[in-house]
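S.K.: Here you go, this is work07.pdb (PDB, C-alpha atoms).
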ATOM      1  CA  MET A 266     124.811  11.960 128.321
ATOM      2  CA  ASN A 267     121.300  12.853 127.325
ATOM      3  CA  THR A 268     120.496  14.323 123.938
ATOM      4  CA  LYS A 269     119.453  17.721 125.326
ATOM      5  CA  ASP A 270     122.797  18.210 127.128
ATOM      6  CA  ASN A 271     124.710  16.923 124.112
ATOM      7  CA  ARG A 272     122.893  19.377 121.822
ATOM      8  CA  ARG A 273     123.539  22.244 124.259
ATOM      9  CA  SER A 274     127.232  21.322 124.284
ATOM     10  CA  GLN A 275     127.258  21.217 120.469
ATOM     11  CA  ASN A 276     125.591  24.641 120.335
ATOM     12  CA  THR A 277     128.196  26.087 122.713
ATOM     13  CA  ASP A 278     131.004  24.521 120.678
ATOM     14  CA  GLU A 279     129.527  25.896 117.463
ATOM     15  CA  GLN A 280     129.166  29.367 119.022
ATOM     16  CA  LEU A 281     132.801  29.251 120.090
ATOM     17  CA  VAL A 282     133.955  28.049 116.688
ATOM     18  CA  ARG A 283     131.836  30.768 115.045
ATOM     19  CA  ALA A 284     133.476  33.384 117.298
ATOM     20  CA  VAL A 285     136.956  32.103 116.379
ATOM     21  CA  TYR A 286     135.912  31.940 112.711
ATOM     22  CA  ASP A 287     134.646  35.534 112.736
ATOM     23  CA  SER A 288     137.895  36.762 114.257
ATOM     24  CA  VAL A 289     140.070  34.920 111.760
ATOM     25  CA  VAL A 290     137.988  35.375 108.608
ATOM     26  CA  TYR A 291     136.247  38.719 108.956
ATOM     27  CA  GLU A 292     138.697  40.525 111.189
ATOM     28  CA  LYS A 293     141.709  38.907 109.447
ATOM     29  CA  LYS A 294     143.346  37.952 112.741
ATOM     30  CA  ASN A 295     145.916  35.228 113.028
ATOM     31  CA  LEU A 296     144.546  32.393 115.189
ATOM     32  CA  SER A 297     147.387  32.978 117.653
ATOM     33  CA  LYS A 298     146.141  36.565 118.167
ATOM     34  CA  VAL A 299     142.537  35.600 118.993
ATOM     35  CA  THR A 300     141.913  35.942 122.733
ATOM     36  CA  VAL A 301     139.680  33.938 125.022
ATOM     37  CA  ARG A 302     138.067  37.173 126.157
ATOM     38  CA  GLU A 303     136.936  38.182 122.670
ATOM     39  CA  VAL A 304     135.767  34.645 121.871
ATOM     40  CA  CYS A 305     133.656  34.583 125.040
ATOM     41  CA  GLU A 306     132.154  37.998 124.280
ATOM     42  CA  LYS A 307     131.248  37.011 120.723
ATOM     43  CA  ALA A 308     129.862  33.630 121.786
ATOM     44  CA  GLY A 309     127.884  35.125 124.664
ATOM     45  CA  ILE A 310     129.388  32.869 127.320
ATOM     46  CA  ASN A 311     131.380  33.703 130.409
ATOM     47  CA  ARG A 312     135.053  32.883 130.826
ATOM     48  CA  SER A 313     134.425  30.377 133.610
ATOM     49  CA  THR A 314     132.253  28.330 131.208
ATOM     50  CA  PHE A 315     134.995  28.562 128.603
ATOM     51  CA  TYR A 316     137.721  27.433 131.008
ATOM     52  CA  ALA A 317     135.539  24.631 132.336
ATOM     53  CA  HIS A 318     135.874  23.018 128.909
ATOM     54  CA  TYR A 319     138.920  24.504 127.179
ATOM     55  CA  MET A 320     142.437  25.671 128.000
ATOM     56  CA  ASP A 321     142.748  28.249 125.204
ATOM     57  CA  VAL A 322     141.534  29.104 121.698
ATOM     58  CA  PHE A 323     143.676  26.384 120.104
ATOM     59  CA  ASP A 324     142.134  23.857 122.485
ATOM     60  CA  VAL A 325     138.674  24.884 121.223
ATOM     61  CA  VAL A 326     139.648  24.119 117.646
ATOM     62  CA  GLU A 327     141.370  20.861 118.619
ATOM     63  CA  LYS A 328     138.562  19.503 120.827
ATOM     64  CA  VAL A 329     135.807  20.528 118.464
ATOM     65  CA  GLU A 330     137.801  18.875 115.670
ATOM     66  CA  ALA A 331     137.858  15.594 117.613
ATOM     67  CA  ARG A 332     134.135  15.737 118.438
ATOM     68  CA  MET A 333     133.160  16.668 114.901
ATOM     69  CA  SER A 334     135.328  13.839 113.531
ATOM     70  CA  THR A 335     133.521  11.368 115.738
ATOM     71  CA  ASP A 336     130.091  12.785 114.868
ATOM     72  CA  LEU A 337     130.914  12.853 111.145
ATOM     73  CA  THR A 338     132.102   9.253 111.275
ATOM     74  CA  ASN A 339     129.050   8.169 113.226
ATOM     75  CA  ALA A 340     126.758   9.729 110.606
ATOM     76  CA  PHE A 341     128.445   7.550 107.990
ATOM     77  CA  LEU A 342     128.658   4.391 110.122
ATOM     78  CA  ASP A 343     125.086   4.711 111.422
ATOM     79  CA  ALA A 344     123.881   4.816 107.823
ATOM     80  CA  MET A 345     125.958   1.697 107.081
ATOM     81  CA  ASP A 346     124.586  -0.081 110.145
ATOM     82  CA  ALA A 347     121.066   0.810 109.014
ATOM     83  CA  GLY A 348     121.753  -1.082 105.779
ATOM     84  CA  GLU A 349     122.276   1.930 103.520
ATOM     85  CA  HIS A 350     124.271   1.428 100.349
ATOM     86  CA  ILE A 351     127.448   3.461  99.961
ATOM     87  CA  ASP A 352     125.539   6.268  98.221
ATOM     88  CA  GLY A 353     123.209   6.651 101.216
ATOM     89  CA  CYS A 354     126.198   6.691 103.570
ATOM     90  CA  PHE A 355     127.878   9.501 101.658
ATOM     91  CA  ILE A 356     124.639  11.435 101.359
ATOM     92  CA  LYS A 357     124.273  11.267 105.162
ATOM     93  CA  LEU A 358     127.900  12.364 105.521
ATOM     94  CA  PHE A 359     127.384  15.322 103.167
ATOM     95  CA  ALA A 360     124.123  16.250 104.922
ATOM     96  CA  PHE A 361     125.994  16.299 108.248
ATOM     97  CA  ILE A 362     128.685  18.543 106.774
ATOM     98  CA  LYS A 363     126.032  20.869 105.345
ATOM     99  CA  GLU A 364     124.218  21.012 108.703
ATOM    100  CA  HIS A 365     127.495  22.103 110.330
ATOM    101  CA  LYS A 366     128.825  24.108 107.402
ATOM    102  CA  ASP A 367     130.047  26.998 109.561
ATOM    103  CA  PHE A 368     132.446  24.692 111.356
ATOM    104  CA  TYR A 369     133.562  22.852 108.223
ATOM    105  CA  SER A 370     133.973  26.062 106.221
ATOM    106  CA  PHE A 371     136.207  27.478 108.909
ATOM    107  CA  TYR A 372     138.021  24.239 109.540
ATOM    108  CA  LEU A 373     138.715  23.138 105.976
ATOM    109  CA  ASN A 374     139.003  26.487 104.231
ATOM    110  CA  GLU A 375     140.523  28.773 106.842
ATOM    111  CA  THR A 376     142.747  26.486 108.901
ATOM    112  CA  ASN A 377     143.654  24.503 105.760
ATOM    113  CA  LYS A 378     143.594  21.316 107.782
ATOM    114  CA  THR A 379     142.167  17.953 106.834
ATOM    115  CA  GLY A 380     142.360  16.408 110.290
ATOM    116  CA  VAL A 381     138.626  16.087 110.818
ATOM    117  CA  ILE A 382     138.204  14.144 107.574
ATOM    118  CA  SER A 383     141.423  12.193 108.152
ATOM    119  CA  LEU A 384     140.261  11.189 111.631
ATOM    120  CA  ALA A 385     136.896  10.146 110.232
ATOM    121  CA  TRP A 386     138.648   8.281 107.418
ATOM    122  CA  ASN A 387     140.775   6.346 109.939
ATOM    123  CA  LEU A 388     137.691   5.340 111.925
ATOM    124  CA  ILE A 389     135.887   4.228 108.766
ATOM    125  CA  GLN A 390     138.961   2.260 107.641
ATOM    126  CA  ASP A 391     138.723   0.213 110.836
ATOM    127  CA  ARG A 392     135.369  -1.011 109.543
ATOM    128  CA  ALA A 393     136.761  -1.539 106.037
ATOM    129  CA  LYS A 394     139.425  -4.075 106.976
ATOM    130  CA  GLY A 395     137.479  -6.748 105.095
ATOM    131  CA  ILE A 396     137.842  -4.888 101.811
ATOM    132  CA  THR A 397     140.460  -6.562  99.686
ATOM    133  CA  PRO A 398     142.278  -5.094  96.687
ATOM    134  CA  GLU A 399     140.170  -7.324  94.445
ATOM    135  CA  THR A 400     136.933  -5.953  95.932
ATOM    136  CA  VAL A 401     137.664  -2.474  94.586
ATOM    137  CA  GLY A 402     139.621  -3.434  91.471
ATOM    138  CA  SER A 403     143.138  -2.871  92.787
ATOM    139  CA  LYS A 404     145.973  -5.235  91.942
ATOM    140  CA  THR A 405     147.868  -5.033  95.227
ATOM    141  CA  GLN A 406     147.385  -3.895  98.812
ATOM    142  CA  LYS A 407     149.763  -0.988  98.139
ATOM    143  CA  GLU A 408     147.660   0.121  95.167
ATOM    144  CA  LEU A 409     144.573  -0.030  97.392
ATOM    145  CA  GLU A 410     146.348   2.191  99.929
ATOM    146  CA  TYR A 411     147.263   4.710  97.215
ATOM    147  CA  SER A 412     143.662   4.712  96.044
ATOM    148  CA  GLY A 413     142.513   5.395  99.608
ATOM    149  CA  ILE A 414     144.848   8.383  99.957
ATOM    150  CA  PHE A 415     143.756   9.731  96.574
ATOM    151  CA  PHE A 416     140.110   9.311  97.552
ATOM    152  CA  LEU A 417     140.637  11.003 100.942
ATOM    153  CA  HIS A 418     142.270  14.074  99.447
ATOM    154  CA  GLY A 419     139.865  14.146  96.519
ATOM    155  CA  ILE A 420     136.824  14.103  98.764
ATOM    156  CA  THR A 421     138.409  16.751 101.003
ATOM    157  CA  GLY A 422     138.903  18.994  97.959
ATOM    158  CA  LEU A 423     135.367  18.308  96.772
ATOM    159  CA  VAL A 424     133.913  19.237 100.165
ATOM    160  CA  ARG A 425     136.113  22.362 100.407
ATOM    161  CA  TYR A 426     134.884  23.554  97.027
ATOM    162  CA  TRP A 427     131.252  22.757  97.911
ATOM    163  CA  LEU A 428     131.532  24.701 101.161
ATOM    164  CA  SER A 429     133.204  27.662  99.448
ATOM    165  CA  HIS A 430     130.111  27.863  97.234
ATOM    166  CA  ASP A 431     127.742  27.740 100.229
ATOM    167  CA  CYS A 432     126.695  24.118  99.597
ATOM    168  CA  GLU A 433     124.714  25.052  96.478
ATOM    169  CA  GLU A 434     124.233  21.412  95.503
ATOM    170  CA  THR A 435     122.202  19.028  97.620
ATOM    171  CA  PRO A 436     124.014  16.147  99.333
ATOM    172  CA  GLU A 437     122.507  13.851  96.676
ATOM    173  CA  GLU A 438     123.870  16.024  93.852
ATOM    174  CA  LEU A 439     127.260  16.121  95.538
ATOM    175  CA  PHE A 440     127.335  12.325  95.725
ATOM    176  CA  ASP A 441     126.550  12.164  91.996
ATOM    177  CA  ILE A 442     129.518  14.467  91.350
ATOM    178  CA  LEU A 443     131.705  12.241  93.539
ATOM    179  CA  ALA A 444     130.500   9.053  91.865
ATOM    180  CA  LYS A 445     131.299  10.455  88.406
ATOM    181  CA  GLN A 446     134.941  10.761  89.479
ATOM    182  CA  PHE A 447     135.128   7.083  90.360
ATOM    183  CA  ASP A 448     133.669   3.920  88.921
ATOM    184  CA  ARG A 449     130.112   4.269  90.274
ATOM    185  CA  GLU A 450     129.320   0.589  89.922
ATOM    186  CA  ARG A 451     132.455  -0.469  91.794
ATOM    187  CA  MET A 452     131.913   2.237  94.394
ATOM    188  CA  GLU A 453     128.320   1.170  95.028
ATOM    189  CA  SER A 454     129.390  -2.487  95.358
ATOM    190  CA  ILE A 455     131.544  -1.719  98.412
ATOM    191  CA  SER A 456     130.117  -2.914 101.679
ATOM    192  CA  PHE A 457     131.598  -2.661 105.146
TER     193      PHE A 457
END
Could you write out this file's structure as C-alpha cells?

M.R.:
Amino acid sequence: MNTKDNRRSQNTDEQLVRAVYDSVVYEKKNLSKVTVREVCEKAGINRSTFYAHYMDVFDVVEKVEARMSTDLTNAFLDAMDAGEHIDGCFIKLFAFIKEHKDFYSFYLNETNKTGVISLAWNLIQDRAKGITPETVGSKTQKELEYSGIFFLHGITGLVRYWLSHDCEETPEELFDILAKQFDRERMESISF
C-alpha cells in the first residue's frame, strides 16, 4: 500500500476514533450506546465507507487498536534497526504516542485498556529473546518475567499520566523520568 493511501486510512481511523471518543468522553455515553450513524456524522464519512471497513463501533476500536499496536511497535523496532540505543527507541515510541495522543488518550484513559501497549510489548519481546536474566541483572528467568510485567504496567501508567496532562513533557524528558525509575546504566546497556 502506498504511503498516501496509508495516511488517508490513518486519518479516517483517527476521525472515527475521535468521533467515538467525543461521544464517550464529552457526551458521557457508554461505548455500547454509541451508534454508527452518529460516529459517521461526527467523522464526516458516509455509512457505506464505515461498513466497508468496520462491522460496528466496537470493531473500530478493536481494529484501530491492532493497527496502532503494530505502528507503535514499528516505531520502536525501526529505531532499533537504525542502530539507536534504548533511549532513542523509547523517545521514538513516546513521540509516536504524542503524535497520536487523541487515540492514546481515549484508549488508555477512557477504555482503561492496555491492549495496545501489551500487543506492542509482545512484538518487542519476540526481538528480545536473546536477553538473558544476567543481561538485565535478574537472578532467574522467572524474575526477568516479573520485571517485564512490572515494566509493562509501569510504562503504561507513566504514559497514561503523561497523556492526562496533555503531554507537557517532551519525549526526551519522559524518557529521563522513565530511566530514573530503573537503573539507567543497565537499561541503556540492553540491545535487541

S.K.: Using all atoms listed in the file, determine which residues lie at most 12 Å from Phe361 of chain A, disregarding the query and same-chain residues fewer than 3 positions distant; provide the list as a PyMOL selection string.

M.R.: chain A and resi 333-341+344+354-358+364-369+424+432+435-436

S.K.: Which neighbours of Leu443 of chain A fall inside 9 Å, counting all atoms listed in the file, when residues of the same chain fewer than 4 positions from it are skipped, and could you give them as JSON, numbers by chain?

M.R.: {"A": [419, 420, 423, 438, 439, 447, 449]}

S.K.: Would you write out, as a Markdown table, a table of all residues in segment 312-361 of chain A that have an atom no more than 10 Å from an atom of segment 290-301 of chain A, listing for each the closest atom pair and the distance in Å to one decimal, considering all atoms listed in the file and ordering rows by chain and rising residue number?

M.R.:
| residue | atom | partner | partner_atom | distance |
| --- | --- | --- | --- | --- |
| A:Arg312 | CA | A:Val301 | CA | 7.5 |
| A:Phe315 | CA | A:Val301 | CA | 8.0 |
| A:Tyr316 | CA | A:Val301 | CA | 9.1 |
| A:Tyr319 | CA | A:Val301 | CA | 9.7 |
| A:Met320 | CA | A:Val301 | CA | 9.2 |
| A:Asp321 | CA | A:Val301 | CA | 6.5 |
| A:Val322 | CA | A:Val301 | CA | 6.2 |
| A:Phe323 | CA | A:Leu296 | CA | 7.8 |
| A:Val325 | CA | A:Val301 | CA | 9.9 |
| A:Val326 | CA | A:Leu296 | CA | 9.9 |

S.K.: Could you tell me how far atom CA of Ile362 of chain A sits from atom CA of Val329 of chain A, in Å to one decimal place?

M.R.: 13.8 Å

S.K.: Between atom CA of Ser412 of chain A and atom CA of Ala360 of chain A, measure the distance and give it in Å to one decimal.

M.R.: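 The value is 24.4 Å.
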
S.K.: Within 9 Å of (135.6, 19.3, 124.2), in the coordinates the file gives, what residues turn up when you count only C-alpha atoms, written out as a ChimeraX atom specification?

M.R.: /A:274,278,318-319,324-325,327-332

S.K.: Just to confirm, what's the straight-line distance from atom CA of Phe416 of chain A to atom CA of Tyr372 of chain A in Å (one decimal)?

M.R.: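 Atom-to-atom, atom CA of Phe416 of chain A to atom CA of Tyr372 of chain A, that is 19.3 Å.
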
S.K.: Determine the nearest neighbour of Phe371 of chain A from the options A:Thr314, A:Thr405, A:Gln446, A:Ser288, counting all atoms listed in the file.

M.R.: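 So, comparing all the options, the nearest one is A:Ser288.
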